[in-house]
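Q: Structure below; questions to follow.
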Amino acid sequence: MLLISEIFPPKTGGSGRWFREIYRRMPRDEVVVVAGEDPRQEEFDRTHDLRLKRIPLGWPDWGIFSLRGLWNYGRAFGAVRKVARQQGVEQLHCGRLLPEGWIARVLKRRRGLPYLCYVHGEEMSYARFSRQLAWMMRRVLDDAQLIIANSQNSASILRDDWKLPADRVRVMHPGVDVEHFTPAEPNADVRASLGWHDRPVLLTVGRLQERKGQDQMIRALPAVRQSIPNVLYSIVGDGRQRLYLEELVREHGLQEHVQFLGEPDDQRLVACYQQCDLFALPNRDIDGDIEGFGMVLLEAQACAKPVVAGASGGTAETMRVPETGRIVSCDGPDELAGVVAELLGNPALRKQMGEAARRWVVQRFSWDSLGRQARQLFSECMKT
């Protein structure tokens with residue numbers, strides 16, 4: 001099997017971590033990966049033994065109705081076809097519908113190779129803004145042997161909005177490395193190194209984009225401060241909304257209460273989860289752009305932290321509500337502020353929820369269990 005994915009470590013993103021964890025658990029002689037390029041790839045690629053080739057996949061426009069689009073797809077198609085021929089590939093696995101799925105569709109029509117595609121939920125919004133991309137996605141879906149949805153919510157969108165037959169859609173949740181993301185006692189030195197010290201810390205991890213809702217959490221902070229005056233909101237991640245969010249912080253006079261940590265290395269990321277007091281992903285629906293699942297919510301719960309997430313997309317599937325986390329409307333700051341203030345003000349409840357969260361994730365979302373599920377699914381597909 002050949003996985004094609006532009007998002008793959010060291011490039012940050014939940015889907016990339018998902019693919020890495022699943023495919024590194026497959027027998028080495030059964031897996032080849034074609035991944036997107038990244039400035040840090042040489043260092044990362046020395047840490048694994050996957051058969052992996054890097055090619056340019058991160059172009060900004062996924063359409064084909066232009067010379068640039070045709071050139072990008074043609075170059076990628078040639079590289080993937082060469083790997084497939086050299087490695088004796090029998091099935092293609094596509095990290096997304098576009099651009100990876102379109103490359104696989106062409107290969108299917110040229111060489112008869114079947115393909116399956118992963119769907120993460122948020123890409124369904126592309127059809128609202130581009131008739132060309134909607135046309136391309138429709139054809140990728142129709143020609144795919146199987147579609148793997150990352151949540152029941154994503155599967156529902158495929159069945160209800162895109163009219164895919166139920167027997168061609170399977171749900172396979174992302175997971176978490178429960179041996180890597182583990183609980184830890186509060187550590188004064190680690191908290192000081194993060195700039196947190198003894199302040200109550202609310203953490204968000206994720207790309208800085210509108211649907212993630214970091215802006216709503218910033219707007220909620222003045223109300224949270226009424227009961228938790230020294231609260232610190234630490235934002236991990238980077239993205240196109242960074243300047244906007246920094247301006248929002250200045251506008252609300254919250255420079256001493258919001259911290260932008262950027263993209264830390266893996267060890268520092270785990271420390272953030274372990275040492276924070278509460279984790280929030282205040283996601284919302286932005287014109288159909290949704291959070292399909294929310295792997296960061298699993299990582300936080302694996303570190304025994306209670307979580308708060310928006311009532312949108314598939315985030316509720318990551319938690320046992322209300323024992324391990326809360327779901328709230330994040331279309332405005334008021335409800336979010338109330339829940340965050342309640343949990344930050346109740347250490348005993350947070351501890352109880354955190355312990356339940358760790359048990360929940362270990363039981364339901366360990367990578368070893370999900371890896372076995374994936375291998376069985378891939379085997380079934382190879383036989384059909």
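Residues in the structure tokens are numbered from 1 in each chain, the chains being A, B, ... in the order shown, and ligands are numbered from 1 in the order shown.
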For Leu97 in chain A, please output as a ChimeraX atom specification all residues within 12 Å (counting only C-alpha atoms; exclusion window: fewer than 5 positions along the same chain).

A: /A:4-6,62,102-105,115-124,126-127,133-144,146-149

Q: Let's see if you can do this: from backbone DSSP, list all strand (DSSP E) residues in range 143-309 of chain A, as a ChimeraX atom specification.

A: /A:146-149,169-171,201-205,232-236,258-262,278-281,307-309

Q: Let me see the file: selected residues, N, CA and C atoms, as a PDB file, in the first residue's frame.

A:
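Heads up, here's the output in result33.pdb:
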```pdb
ATOM      1  N   LEU A 146     -13.071   3.058  -1.051  1.00  0.00           N
ATOM      2  CA  LEU A 146     -13.575   3.247   0.310  1.00  0.00           C
ATOM      3  C   LEU A 146     -13.200   4.632   0.793  1.00  0.00           C
ATOM      4  N   ILE A 147     -14.064   5.216   1.621  1.00  0.00           N
ATOM      5  CA  ILE A 147     -13.780   6.488   2.266  1.00  0.00           C
ATOM      6  C   ILE A 147     -13.686   6.242   3.774  1.00  0.00           C
ATOM      7  N   ILE A 148     -12.592   6.683   4.376  1.00  0.00           N
ATOM      8  CA  ILE A 148     -12.403   6.550   5.821  1.00  0.00           C
ATOM      9  C   ILE A 148     -12.656   7.911   6.458  1.00  0.00           C
ATOM     10  N   ALA A 149     -13.723   8.009   7.249  1.00  0.00           N
ATOM     11  CA  ALA A 149     -14.071   9.254   7.941  1.00  0.00           C
ATOM     12  C   ALA A 149     -13.453   9.243   9.335  1.00  0.00           C
ATOM     13  N   VAL A 169     -18.462   3.926   3.313  1.00  0.00           N
ATOM     14  CA  VAL A 169     -17.923   4.853   4.314  1.00  0.00           C
ATOM     15  C   VAL A 169     -17.652   4.089   5.601  1.00  0.00           C
ATOM     16  N   ARG A 170     -16.435   4.185   6.102  1.00  0.00           N
ATOM     17  CA  ARG A 170     -16.085   3.571   7.375  1.00  0.00           C
ATOM     18  C   ARG A 170     -15.508   4.633   8.299  1.00  0.00           C
ATOM     19  N   VAL A 171     -15.818   4.520   9.582  1.00  0.00           N
ATOM     20  CA  VAL A 171     -15.285   5.458  10.571  1.00  0.00           C
ATOM     21  C   VAL A 171     -14.067   4.836  11.251  1.00  0.00           C
ATOM     22  N   VAL A 201      -3.393  28.170  34.377  1.00  0.00           N
ATOM     23  CA  VAL A 201      -3.114  28.234  32.945  1.00  0.00           C
ATOM     24  C   VAL A 201      -4.177  27.479  32.149  1.00  0.00           C
ATOM     25  N   LEU A 202      -4.732  28.183  31.189  1.00  0.00           N
ATOM     26  CA  LEU A 202      -5.648  27.617  30.205  1.00  0.00           C
ATOM     27  C   LEU A 202      -4.870  27.459  28.909  1.00  0.00           C
ATOM     28  N   LEU A 203      -4.921  26.275  28.307  1.00  0.00           N
ATOM     29  CA  LEU A 203      -4.100  25.971  27.137  1.00  0.00           C
ATOM     30  C   LEU A 203      -4.957  25.646  25.920  1.00  0.00           C
ATOM     31  N   THR A 204      -4.531  26.143  24.753  1.00  0.00           N
ATOM     32  CA  THR A 204      -5.077  25.716  23.466  1.00  0.00           C
ATOM     33  C   THR A 204      -3.916  25.333  22.563  1.00  0.00           C
ATOM     34  N   VAL A 205      -4.040  24.199  21.893  1.00  0.00           N
ATOM     35  CA  VAL A 205      -3.045  23.747  20.919  1.00  0.00           C
ATOM     36  C   VAL A 205      -3.743  23.595  19.574  1.00  0.00           C
ATOM     37  N   LEU A 232      -3.836  32.825  32.912  1.00  0.00           N
ATOM     38  CA  LEU A 232      -2.978  32.979  31.747  1.00  0.00           C
ATOM     39  C   LEU A 232      -3.497  32.060  30.651  1.00  0.00           C
ATOM     40  N   TYR A 233      -3.722  32.607  29.488  1.00  0.00           N
ATOM     41  CA  TYR A 233      -4.150  31.819  28.331  1.00  0.00           C
ATOM     42  C   TYR A 233      -2.933  31.597  27.452  1.00  0.00           C
ATOM     43  N   SER A 234      -2.459  30.347  27.373  1.00  0.00           N
ATOM     44  CA  SER A 234      -1.288  30.007  26.580  1.00  0.00           C
ATOM     45  C   SER A 234      -1.732  29.358  25.273  1.00  0.00           C
ATOM     46  N   ILE A 235      -1.303  29.941  24.156  1.00  0.00           N
ATOM     47  CA  ILE A 235      -1.703  29.488  22.828  1.00  0.00           C
ATOM     48  C   ILE A 235      -0.501  28.845  22.142  1.00  0.00           C
ATOM     49  N   VAL A 236      -0.614  27.559  21.846  1.00  0.00           N
ATOM     50  CA  VAL A 236       0.430  26.820  21.144  1.00  0.00           C
ATOM     51  C   VAL A 236      -0.003  26.629  19.697  1.00  0.00           C
ATOM     52  N   VAL A 258      -2.252  36.705  27.953  1.00  0.00           N
ATOM     53  CA  VAL A 258      -2.225  35.827  26.787  1.00  0.00           C
ATOM     54  C   VAL A 258      -0.779  35.642  26.349  1.00  0.00           C
ATOM     55  N   GLN A 259      -0.423  34.400  26.112  1.00  0.00           N
ATOM     56  CA  GLN A 259       0.944  34.043  25.719  1.00  0.00           C
ATOM     57  C   GLN A 259       0.896  33.259  24.406  1.00  0.00           C
ATOM     58  N   PHE A 260       1.717  33.661  23.433  1.00  0.00           N
ATOM     59  CA  PHE A 260       1.845  32.926  22.171  1.00  0.00           C
ATOM     60  C   PHE A 260       3.148  32.144  22.218  1.00  0.00           C
ATOM     61  N   LEU A 261       3.036  30.827  22.264  1.00  0.00           N
ATOM     62  CA  LEU A 261       4.220  29.972  22.366  1.00  0.00           C
ATOM     63  C   LEU A 261       4.733  29.488  21.017  1.00  0.00           C
ATOM     64  N   GLY A 262       4.022  29.752  19.939  1.00  0.00           N
ATOM     65  CA  GLY A 262       4.469  29.272  18.641  1.00  0.00           C
ATOM     66  C   GLY A 262       4.350  27.758  18.544  1.00  0.00           C
ATOM     67  N   LEU A 278      -6.170  23.496  32.537  1.00  0.00           N
ATOM     68  CA  LEU A 278      -7.376  23.200  31.770  1.00  0.00           C
ATOM     69  C   LEU A 278      -7.048  23.371  30.300  1.00  0.00           C
ATOM     70  N   PHE A 279      -7.621  22.493  29.476  1.00  0.00           N
ATOM     71  CA  PHE A 279      -7.404  22.585  28.037  1.00  0.00           C
ATOM     72  C   PHE A 279      -8.699  22.989  27.350  1.00  0.00           C
ATOM     73  N   ALA A 280      -8.590  23.889  26.373  1.00  0.00           N
ATOM     74  CA  ALA A 280      -9.782  24.331  25.635  1.00  0.00           C
ATOM     75  C   ALA A 280      -9.490  24.365  24.136  1.00  0.00           C
ATOM     76  N   LEU A 281     -10.414  23.847  23.358  1.00  0.00           N
ATOM     77  CA  LEU A 281     -10.412  24.005  21.903  1.00  0.00           C
ATOM     78  C   LEU A 281     -11.762  24.634  21.545  1.00  0.00           C
ATOM     79  N   VAL A 307     -11.173  18.810  29.502  1.00  0.00           N
ATOM     80  CA  VAL A 307     -11.168  19.584  28.262  1.00  0.00           C
ATOM     81  C   VAL A 307     -12.506  20.275  28.052  1.00  0.00           C
ATOM     82  N   VAL A 308     -12.437  21.383  27.309  1.00  0.00           N
ATOM     83  CA  VAL A 308     -13.618  22.127  26.883  1.00  0.00           C
ATOM     84  C   VAL A 308     -13.518  22.303  25.379  1.00  0.00           C
ATOM     85  N   ALA A 309     -14.604  22.039  24.659  1.00  0.00           N
ATOM     86  CA  ALA A 309     -14.570  22.181  23.199  1.00  0.00           C
ATOM     87  C   ALA A 309     -15.895  22.742  22.705  1.00  0.00           C
TER      88      ALA A 309
END
```

Q: Could you name the residues that touch Ser227 in chain A at 12 Å or less, counting only C-alpha atoms, but leaving out those on the same chain fewer than 4 positions away, as an mmCIF file with N, CA and C atoms, in the first residue's frame?

A:
```cif
data_model
loop_
_atom_site.group_PDB
_atom_site.id
_atom_site.type_symbol
_atom_site.label_atom_id
_atom_site.label_comp_id
_atom_site.auth_asym_id
_atom_site.auth_seq_id
_atom_site.Cartn_x
_atom_site.Cartn_y
_atom_site.Cartn_z
ATOM 1 N N PRO A 200 -2.833 30.103 37.220
ATOM 2 C CA PRO A 200 -3.737 29.129 36.596
ATOM 3 C C PRO A 200 -3.666 29.278 35.076
ATOM 4 N N LEU A 221 -11.827 36.068 28.012
ATOM 5 C CA LEU A 221 -10.926 36.226 29.158
ATOM 6 C C LEU A 221 -11.325 37.335 30.136
ATOM 7 N N PRO A 222 -11.797 38.503 29.666
ATOM 8 C CA PRO A 222 -12.195 39.520 30.656
ATOM 9 C C PRO A 222 -13.244 39.005 31.634
ATOM 10 N N ALA A 223 -14.213 38.212 31.165
ATOM 11 C CA ALA A 223 -15.215 37.644 32.081
ATOM 12 C C ALA A 223 -14.597 36.582 32.976
ATOM 13 N N VAL A 231 -5.438 34.541 35.638
ATOM 14 C CA VAL A 231 -5.449 33.511 34.601
ATOM 15 C C VAL A 231 -4.486 33.861 33.471
ATOM 16 N N ALA A 337 -16.866 31.465 28.539
ATOM 17 C CA ALA A 337 -16.288 32.083 29.738
ATOM 18 C C ALA A 337 -16.841 31.452 31.002
ATOM 19 N N GLY A 338 -18.139 31.183 31.040
ATOM 20 C CA GLY A 338 -18.754 30.606 32.231
ATOM 21 C C GLY A 338 -18.208 29.237 32.569
ATOM 22 N N VAL A 339 -18.065 28.369 31.556
ATOM 23 C CA VAL A 339 -17.572 27.011 31.796
ATOM 24 C C VAL A 339 -16.101 27.032 32.191
ATOM 25 N N VAL A 340 -15.298 27.839 31.518
ATOM 26 C CA VAL A 340 -13.867 27.918 31.841
ATOM 27 C C VAL A 340 -13.667 28.438 33.267
ATOM 28 N N ALA A 341 -14.402 29.480 33.640
ATOM 29 C CA ALA A 341 -14.273 30.027 34.996
ATOM 30 C C ALA A 341 -14.702 28.996 36.036
ATOM 31 N N GLU A 342 -15.777 28.269 35.738
ATOM 32 C CA GLU A 342 -16.249 27.242 36.682
ATOM 33 C C GLU A 342 -15.186 26.181 36.929
ATOM 34 N N LEU A 343 -14.571 25.679 35.860
ATOM 35 C CA LEU A 343 -13.597 24.601 36.007
ATOM 36 C C LEU A 343 -12.281 25.095 36.599
ATOM 37 N N LEU A 344 -11.826 26.269 36.183
ATOM 38 C CA LEU A 344 -10.592 26.790 36.765
ATOM 39 C C LEU A 344 -10.760 27.067 38.256
ATOM 40 N N GLY A 345 -11.968 27.378 38.678
ATOM 41 C CA GLY A 345 -12.227 27.680 40.085
ATOM 42 C C GLY A 345 -12.514 26.471 40.948
ATOM 43 N N ASN A 346 -12.440 25.264 40.368
ATOM 44 C CA ASN A 346 -12.790 24.056 41.116
ATOM 45 C C ASN A 346 -11.701 22.987 40.903
#
```

Q: I'd like to know which of A:Gln255, A:Gln209, A:Gln274, A:Gln152 is closest to Glu185 in chain A, using only C-alpha atoms.

A: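 Residue with the minimum atom-to-atom distance to Glu185 in chain A: A:Gln274.
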
Q: Extract, using only C-alpha atoms, all DNA, RNA and protein residues at most 10 Å from Asp198 in chain A, discarding same-chain residues fewer than 4 positions from it, and format them as a PyMOL selection string.

A: chain A and resi 186-188+191-192+230-231

Q: Given the selection you just returned, output its residues as a file containing C-alpha atoms, formatted as a PDB file, in the first residue's frame.

A:
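Writing the result to part_6.pdb gives the following:
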```pdb
ATOM      1  CA  PRO A 186       2.999  19.988  38.750  1.00  0.00           C
ATOM      2  CA  ASN A 187       6.653  20.971  38.359  1.00  0.00           C
ATOM      3  CA  ALA A 188       7.706  24.472  39.404  1.00  0.00           C
ATOM      4  CA  ARG A 191       6.223  25.834  34.666  1.00  0.00           C
ATOM      5  CA  ALA A 192       8.811  28.573  35.156  1.00  0.00           C
ATOM      6  CA  ASN A 230      -4.422  35.879  37.396  1.00  0.00           C
ATOM      7  CA  VAL A 231      -5.449  33.511  34.601  1.00  0.00           C
TER       8      VAL A 231
END
```

Q: Which one is closest to Ala35 in chain A: A:Arg20, A:Lys108, A:Arg68, A:Arg211? Count only C-alpha atoms.

A: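 Looking at the shortest contact to Ala35 in chain A, the residue is A:Arg20.
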
Q: Residues of range 259-305 of chain A that have any atom at most 12 Å from an atom of range 156-163 of chain A: could you tabulate them with the shortest-distance atom pair and the distance in Å to one decimal, using only C-alpha atoms, ordered by chain and increasing number, as a Markdown table?

A:
```
| residue | atom | partner | partner_atom | distance |
| --- | --- | --- | --- | --- |
| A:Gly288 | CA | A:Ile157 | CA | 10.7 |
| A:Ile290 | CA | A:Ile157 | CA | 11.2 |
| A:Gly292 | CA | A:Ile157 | CA | 10.4 |
```

Q: Those same residues, written as a compact mmCIF listing (two decimals), in the first residue's frame with N, CA and C atoms?

A:
```txt
# COMPACT_ATOMS: atom_id res chain seq x y z
N GLY A 288 -19.28 26.29 7.19
CA GLY A 288 -19.07 24.89 6.85
C GLY A 288 -17.68 24.37 7.14
N ILE A 290 -15.32 23.10 9.63
CA ILE A 290 -15.54 22.57 10.97
C ILE A 290 -14.31 21.79 11.44
N GLY A 292 -13.16 18.46 12.35
CA GLY A 292 -13.70 17.13 12.10
C GLY A 292 -13.65 16.21 13.30
```

Q: Hey, what's within 12 Å of Gly13 in chain A if we count only C-alpha atoms and toss same-chain stuff fewer than 5 positions away? As a PDB file with N, CA and C atoms, in the first residue's frame, please?

A:
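Output saved as result38.pdb:
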```pdb
ATOM      1  N   SER A   5       0.441  11.712   1.258  1.00  0.00           N
ATOM      2  CA  SER A   5      -0.047  12.724   2.195  1.00  0.00           C
ATOM      3  C   SER A   5       0.883  13.926   2.218  1.00  0.00           C
ATOM      4  N   GLU A   6       0.334  15.081   1.898  1.00  0.00           N
ATOM      5  CA  GLU A   6       1.116  16.314   2.001  1.00  0.00           C
ATOM      6  C   GLU A   6       1.431  16.616   3.458  1.00  0.00           C
ATOM      7  N   ILE A   7       0.493  16.332   4.361  1.00  0.00           N
ATOM      8  CA  ILE A   7       0.703  16.591   5.787  1.00  0.00           C
ATOM      9  C   ILE A   7       1.258  15.323   6.437  1.00  0.00           C
ATOM     10  N   PHE A   8       2.526  15.385   6.802  1.00  0.00           N
ATOM     11  CA  PHE A   8       3.204  14.260   7.439  1.00  0.00           C
ATOM     12  C   PHE A   8       4.361  14.854   8.228  1.00  0.00           C
ATOM     13  N   TRP A  18      -1.638  11.262  12.903  1.00  0.00           N
ATOM     14  CA  TRP A  18      -2.488  10.080  12.718  1.00  0.00           C
ATOM     15  C   TRP A  18      -1.848   9.119  11.730  1.00  0.00           C
ATOM     16  N   PHE A  19      -1.454   9.617  10.555  1.00  0.00           N
ATOM     17  CA  PHE A  19      -0.875   8.755   9.532  1.00  0.00           C
ATOM     18  C   PHE A  19       0.439   8.131  10.003  1.00  0.00           C
ATOM     19  N   ARG A  20       1.259   8.928  10.652  1.00  0.00           N
ATOM     20  CA  ARG A  20       2.532   8.388  11.129  1.00  0.00           C
ATOM     21  C   ARG A  20       2.293   7.218  12.081  1.00  0.00           C
ATOM     22  N   GLY A  95      -4.263  10.880   1.816  1.00  0.00           N
ATOM     23  CA  GLY A  95      -4.442  11.613   3.063  1.00  0.00           C
ATOM     24  C   GLY A  95      -5.622  12.562   3.047  1.00  0.00           C
ATOM     25  N   HIS A 120     -11.549  14.308   6.688  1.00  0.00           N
ATOM     26  CA  HIS A 120     -11.361  14.868   8.026  1.00  0.00           C
ATOM     27  C   HIS A 120     -12.476  15.819   8.450  1.00  0.00           C
ATOM     28  N   VAL A 205      -4.040  24.199  21.893  1.00  0.00           N
ATOM     29  CA  VAL A 205      -3.045  23.747  20.919  1.00  0.00           C
ATOM     30  C   VAL A 205      -3.743  23.595  19.574  1.00  0.00           C
ATOM     31  N   GLY A 206      -3.182  24.222  18.541  1.00  0.00           N
ATOM     32  CA  GLY A 206      -3.789  24.084  17.217  1.00  0.00           C
ATOM     33  C   GLY A 206      -3.361  25.208  16.301  1.00  0.00           C
ATOM     34  N   ARG A 207      -3.567  25.014  15.014  1.00  0.00           N
ATOM     35  CA  ARG A 207      -3.251  26.067  14.057  1.00  0.00           C
ATOM     36  C   ARG A 207      -4.070  27.317  14.366  1.00  0.00           C
ATOM     37  N   LEU A 208      -3.470  28.460  14.111  1.00  0.00           N
ATOM     38  CA  LEU A 208      -4.169  29.723  14.362  1.00  0.00           C
ATOM     39  C   LEU A 208      -5.031  30.046  13.143  1.00  0.00           C
ATOM     40  N   GLY A 237       0.873  26.985  18.772  1.00  0.00           N
ATOM     41  CA  GLY A 237       0.557  26.847  17.357  1.00  0.00           C
ATOM     42  C   GLY A 237       0.873  28.132  16.619  1.00  0.00           C
ATOM     43  N   ASP A 238       0.797  28.057  15.312  1.00  0.00           N
ATOM     44  CA  ASP A 238       1.038  29.234  14.488  1.00  0.00           C
ATOM     45  C   ASP A 238       0.094  29.183  13.302  1.00  0.00           C
ATOM     46  N   GLY A 239       0.011  30.278  12.563  1.00  0.00           N
ATOM     47  CA  GLY A 239      -0.889  30.286  11.425  1.00  0.00           C
ATOM     48  C   GLY A 239      -1.235  31.688  10.985  1.00  0.00           C
ATOM     49  N   GLU A 263       5.262  27.150  17.802  1.00  0.00           N
ATOM     50  CA  GLU A 263       5.243  25.705  17.608  1.00  0.00           C
ATOM     51  C   GLU A 263       6.424  25.080  18.350  1.00  0.00           C
ATOM     52  N   GLY A 294     -10.487  16.434  16.370  1.00  0.00           N
ATOM     53  CA  GLY A 294      -9.794  17.150  17.437  1.00  0.00           C
ATOM     54  C   GLY A 294      -8.831  16.271  18.207  1.00  0.00           C
ATOM     55  N   MET A 295      -7.726  15.865  17.567  1.00  0.00           N
ATOM     56  CA  MET A 295      -6.757  14.994  18.229  1.00  0.00           C
ATOM     57  C   MET A 295      -6.136  15.645  19.459  1.00  0.00           C
ATOM     58  N   VAL A 296      -6.027  16.958  19.450  1.00  0.00           N
ATOM     59  CA  VAL A 296      -5.426  17.640  20.607  1.00  0.00           C
ATOM     60  C   VAL A 296      -6.249  17.401  21.876  1.00  0.00           C
TER      61      VAL A 296
END
```
